[in-house]
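Report on the following structure.
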Amino acid sequence: MRRTSTITVASLAALTLALTGCGRESADSSSGETGKAVGSGAAKGTITVWAMGAEGENLPQLTKEFEAANPGTKVEVTAIPWDAAHDKFTTAITANKTPDVAMVGTTWMGEFAGLGALDATPGEIDKSVFFDGAQKTTEVGGTSYGIPWYVETRLVYYRTDLAKKAGITTPPTTWAGLKDMAKAMQDKAGAKYGIGLQAGGVGSWQSVMPFAWSAGADLTKDGGKAYNFDSPEILKAAQYYQSFFTDGISDKAAPATPTTEPDFASGKVPMFISGPWMMSAVEKAGGEGFKDKYDVMQIPADKTSSSFVGGSNLVVFKNTKNRDTAWKFVQWLGDPKTQVKWYGISTDLPSVKSAWQDPALSADKKLAVFGKQLETAQAPPSFPTWEQVVTSFDTEMEKVTKTGADPAAALKTVQSQAESIGTGN
């Protein structure tokens with residue numbers, strides 16, 4: 001589910017190899033091209049749209065407005081389960097039977113653009129209106145494909161009442177401060193574990209990389225053409241992350257199915273890192289008045305505060321039969337007013353910065369912290385092989401957290417695997 005992590009598809013390696021041999025034209029990684037202009041006339045005709053999960057179910061509520069504003073236009077939305085989406089897309093690309101418009105996970109962009117399936121973003125779409133980290137998720141080889149539709153990032157959730165009991169009234173802004181706070185939660189506030197961190201496994205890179213970016217890490221080298229996992233900055237982050245487990249501050253035997261909400265509500269684990277959807281989840285678990293017992297803070301900094309930017313993009317496929325209307329629809333979904341309406345329907349956070357000035361978002365102090373973090377949040381490189389390569393990172397990090405394996409050796413293994421697999425460009 002996209003609400004817990006970016007989708008990782010186990011069969012990606014086989015799919016990527018199969019699709020690479022399908023003979024589709026690859027995207028030119030050095031072109032930095034801009035898509036041709038969109039016609040100035042009114043939108044017309046029918047377009048097909050694929051969207052996953054709750055977005056696919058909720059989008060028809062919004063498309064009615066687009067249809068009403070553009071008489072004679074019809075938007076046909078197909079809702080697709082997340083766990084079936086990747087296979088459905090790759091099959092459609094191979095068969096040249098893609099929809100006109102689709103919601104695409106940010107970490108799939110490199111793969112789909114590399115297969116020559118996506119239409120470059122028209123020049124009249126102003127890319128500067130989006131959060132920078134989110135905009136970068138649309139870019140492959142210097143060319144933008146589509147727009148960021150909605151975004152999410154990760155913050156530290158903490159129990160303010162228990163922090164006060166532990167003698168902490170101001171949230172920490174440094175790595176040392178975060179660890180001291182987590183330890184104080186154990187020693188003075190009765191917590192079993194100071195902070196809940198993911199002990200390796202699928203998607204754990206999303207928990208570690210915010211600290212790596214905070215330390216100044218760049219996941220690429222050689223001018224952005226190669227992976228860079230064994231850098232001093234990523235090592236520093238991995239060592240710091242591991243220390244929470246070796247010092248008994250985080251649970252190395254955490255259950256495979258997380259118990260985050262009840263553990264947070266009970267005070268057993270009064271801190272964790274997650275996205276905005278957890279606000280309603282912990283408030284439901286904690287009951288009436290619980291929203292006043294916790295707060296959120298930005299990821300503490302080594303050199304700077306950074307976090308992971310996720311969400312989904314909107315793309316137009318190259319073989320669309322109604323390109324102008326497809327892009328007009330995408331542009332409409334990226335309009336600030338539409339973004340605020342979509343937030344009201346879905347609670348998906350706007351990718352357009354100015355939408356955050358609307359009272360629907362600005363009035364919520366916790367939500368405002370997510371908006372602040374989004375200003376510096378980063379995304380992984382848009383290499384087609386990212387999902388495949390990062391599986392190795394997740395595997396090695398599990399050894400680091402659960403068995404105390406040497407982080408430096410683990411990162412060397414990841415880098416070796418990454419070099420063996422290549423970037424796919």
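Ligands are numbered from 1 in the order shown, chains are lettered A, B, ... in the order of the structure tokens, and residues start at 1 in each chain.
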
Which residues are close to A:Ser144, i.e. within 10 Å by only C-alpha atoms, leaving aside same-chain residues fewer than 6 positions away? Reply as JSON, numbers by chain.
{"A": [32, 33, 34, 35, 109, 113, 118, 119, 120, 121, 122, 123, 127, 135, 136, 137, 138, 315]}

Skipping near chain neighbours, those fewer than 6 positions away, what residues fall within 12 Å of A:Gln186 using only C-alpha atoms, listed as number ranges by chain?
A: 162-163, 165-167, 179-180, 192-195, 247-250, 267-271

Write the selection just made, keeping N, CA and C atoms, as a PDB file, in the first residue's frame?
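Writing the result to selection.pdb gives the following:
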ATOM      1  N   LEU A 162       4.868  12.568  27.321  1.00  0.00           N
ATOM      2  CA  LEU A 162       5.945  11.726  27.849  1.00  0.00           C
ATOM      3  C   LEU A 162       7.309  12.403  27.689  1.00  0.00           C
ATOM      4  N   ALA A 163       7.446  13.219  26.665  1.00  0.00           N
ATOM      5  CA  ALA A 163       8.690  13.978  26.501  1.00  0.00           C
ATOM      6  C   ALA A 163       8.869  14.936  27.681  1.00  0.00           C
ATOM      7  N   LYS A 165       7.667  14.525  30.616  1.00  0.00           N
ATOM      8  CA  LYS A 165       8.012  13.672  31.767  1.00  0.00           C
ATOM      9  C   LYS A 165       9.487  13.304  31.748  1.00  0.00           C
ATOM     10  N   ALA A 166      10.034  13.195  30.533  1.00  0.00           N
ATOM     11  CA  ALA A 166      11.457  12.862  30.373  1.00  0.00           C
ATOM     12  C   ALA A 166      12.346  14.093  30.469  1.00  0.00           C
ATOM     13  N   GLY A 167      11.739  15.256  30.721  1.00  0.00           N
ATOM     14  CA  GLY A 167      12.509  16.481  30.888  1.00  0.00           C
ATOM     15  C   GLY A 167      12.789  17.228  29.606  1.00  0.00           C
ATOM     16  N   LYS A 179      18.754  11.110  19.741  1.00  0.00           N
ATOM     17  CA  LYS A 179      19.109   9.884  20.465  1.00  0.00           C
ATOM     18  C   LYS A 179      18.992  10.086  21.980  1.00  0.00           C
ATOM     19  N   ASP A 180      19.399  11.256  22.439  1.00  0.00           N
ATOM     20  CA  ASP A 180      19.274  11.562  23.867  1.00  0.00           C
ATOM     21  C   ASP A 180      17.803  11.566  24.289  1.00  0.00           C
ATOM     22  N   LYS A 192       9.283   1.262  26.783  1.00  0.00           N
ATOM     23  CA  LYS A 192      10.075   0.051  26.591  1.00  0.00           C
ATOM     24  C   LYS A 192      11.175   0.311  25.569  1.00  0.00           C
ATOM     25  N   TYR A 193      10.807   0.990  24.482  1.00  0.00           N
ATOM     26  CA  TYR A 193      11.783   1.398  23.468  1.00  0.00           C
ATOM     27  C   TYR A 193      11.591   2.882  23.210  1.00  0.00           C
ATOM     28  N   GLY A 194      12.699   3.596  23.060  1.00  0.00           N
ATOM     29  CA  GLY A 194      12.630   5.051  22.915  1.00  0.00           C
ATOM     30  C   GLY A 194      12.052   5.514  21.600  1.00  0.00           C
ATOM     31  N   ILE A 195      12.362   4.785  20.534  1.00  0.00           N
ATOM     32  CA  ILE A 195      11.857   5.154  19.214  1.00  0.00           C
ATOM     33  C   ILE A 195      11.704   3.901  18.367  1.00  0.00           C
ATOM     34  N   ASP A 247      22.231  -0.217  21.038  1.00  0.00           N
ATOM     35  CA  ASP A 247      22.106   0.366  22.375  1.00  0.00           C
ATOM     36  C   ASP A 247      20.762   0.036  23.044  1.00  0.00           C
ATOM     37  N   GLY A 248      19.934  -0.762  22.347  1.00  0.00           N
ATOM     38  CA  GLY A 248      18.668  -1.179  22.934  1.00  0.00           C
ATOM     39  C   GLY A 248      17.603  -0.105  22.970  1.00  0.00           C
ATOM     40  N   ILE A 249      17.799   0.966  22.200  1.00  0.00           N
ATOM     41  CA  ILE A 249      16.821   2.049  22.175  1.00  0.00           C
ATOM     42  C   ILE A 249      15.683   1.723  21.206  1.00  0.00           C
ATOM     43  N   SER A 250      15.989   0.938  20.161  1.00  0.00           N
ATOM     44  CA  SER A 250      14.981   0.462  19.209  1.00  0.00           C
ATOM     45  C   SER A 250      14.964  -1.059  19.224  1.00  0.00           C
ATOM     46  N   GLY A 267       2.267   4.335  25.010  1.00  0.00           N
ATOM     47  CA  GLY A 267       3.528   4.868  25.524  1.00  0.00           C
ATOM     48  C   GLY A 267       4.653   3.853  25.513  1.00  0.00           C
ATOM     49  N   LYS A 268       4.373   2.643  25.037  1.00  0.00           N
ATOM     50  CA  LYS A 268       5.406   1.605  24.962  1.00  0.00           C
ATOM     51  C   LYS A 268       6.540   2.032  24.032  1.00  0.00           C
ATOM     52  N   VAL A 269       6.168   2.631  22.898  1.00  0.00           N
ATOM     53  CA  VAL A 269       7.151   3.184  21.951  1.00  0.00           C
ATOM     54  C   VAL A 269       6.660   4.585  21.586  1.00  0.00           C
ATOM     55  N   PRO A 270       7.113   5.617  22.313  1.00  0.00           N
ATOM     56  CA  PRO A 270       6.541   6.957  22.179  1.00  0.00           C
ATOM     57  C   PRO A 270       7.094   7.816  21.050  1.00  0.00           C
ATOM     58  N   MET A 271       7.905   7.233  20.168  1.00  0.00           N
ATOM     59  CA  MET A 271       8.422   7.965  19.011  1.00  0.00           C
ATOM     60  C   MET A 271       8.528   7.018  17.816  1.00  0.00           C
TER      61      MET A 271
END

Would you please work out which residue, of A:Gln373, A:Thr153, A:Ala265, A:Asn319, is nearest to A:Lys284 when using only C-alpha atoms?
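Among A:Gln373, A:Thr153, A:Ala265, A:Asn319, it is A:Ala265 that comes nearest to A:Lys284.
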
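You will find atom CA of A:Lys337 at 16.3 Å from atom CA of A:Phe131.
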
Taking only C-alpha atoms into account, produce a table as a Markdown table in which each residue of stretch 286-345 of chain A with an atom at most 9 Å from an atom of stretch 349-370 of chain A appears once, together with its shortest atom pair and the distance in Å to one decimal, ordered by chain and rising number.
| residue | atom | partner | partner_atom | distance |
| --- | --- | --- | --- | --- |
| A:Asp295 | CA | A:Lys366 | CA | 6.7 |
| A:Val296 | CA | A:Lys366 | CA | 6.2 |
| A:Met297 | CA | A:Val369 | CA | 6.7 |
| A:Gln298 | CA | A:Val369 | CA | 6.9 |
| A:Gly311 | CA | A:Leu349 | CA | 8.6 |
| A:Gly334 | CA | A:Val352 | CA | 7.0 |
| A:Asp335 | CA | A:Val352 | CA | 7.8 |
| A:Pro336 | CA | A:Ala355 | CA | 4.9 |
| A:Lys337 | CA | A:Ala355 | CA | 7.0 |
| A:Thr338 | CA | A:Ala355 | CA | 8.9 |
| A:Gln339 | CA | A:Pro350 | CA | 5.6 |
| A:Val340 | CA | A:Ala355 | CA | 6.2 |
| A:Trp342 | CA | A:Pro350 | CA | 8.2 |
| A:Tyr343 | CA | A:Leu349 | CA | 6.0 |
| A:Gly344 | CA | A:Ala360 | CA | 7.9 |

I need the residues from that last selection saved to file as a PDB file, in the first residue's frame (with C-alpha atoms), if you can.
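Printed below is result.pdb as written:
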ATOM      1  CA  ASP A 295       3.320  16.333  17.957  1.00  0.00           C
ATOM      2  CA  VAL A 296       5.597  15.989  14.938  1.00  0.00           C
ATOM      3  CA  MET A 297       9.045  17.384  14.253  1.00  0.00           C
ATOM      4  CA  GLN A 298      11.355  17.564  11.268  1.00  0.00           C
ATOM      5  CA  GLY A 311       3.775  10.355  -3.500  1.00  0.00           C
ATOM      6  CA  GLY A 334      -2.050  20.492 -10.960  1.00  0.00           C
ATOM      7  CA  ASP A 335      -3.989  23.742 -10.501  1.00  0.00           C
ATOM      8  CA  PRO A 336      -3.720  25.006  -6.876  1.00  0.00           C
ATOM      9  CA  LYS A 337      -7.512  25.181  -6.420  1.00  0.00           C
ATOM     10  CA  THR A 338      -7.965  21.656  -7.764  1.00  0.00           C
ATOM     11  CA  GLN A 339      -5.165  20.449  -5.506  1.00  0.00           C
ATOM     12  CA  VAL A 340      -6.926  21.843  -2.436  1.00  0.00           C
ATOM     13  CA  TRP A 342      -8.381  16.909  -4.000  1.00  0.00           C
ATOM     14  CA  TYR A 343      -6.887  17.200  -0.506  1.00  0.00           C
ATOM     15  CA  GLY A 344     -10.423  17.612   0.847  1.00  0.00           C
TER      16      GLY A 344
END
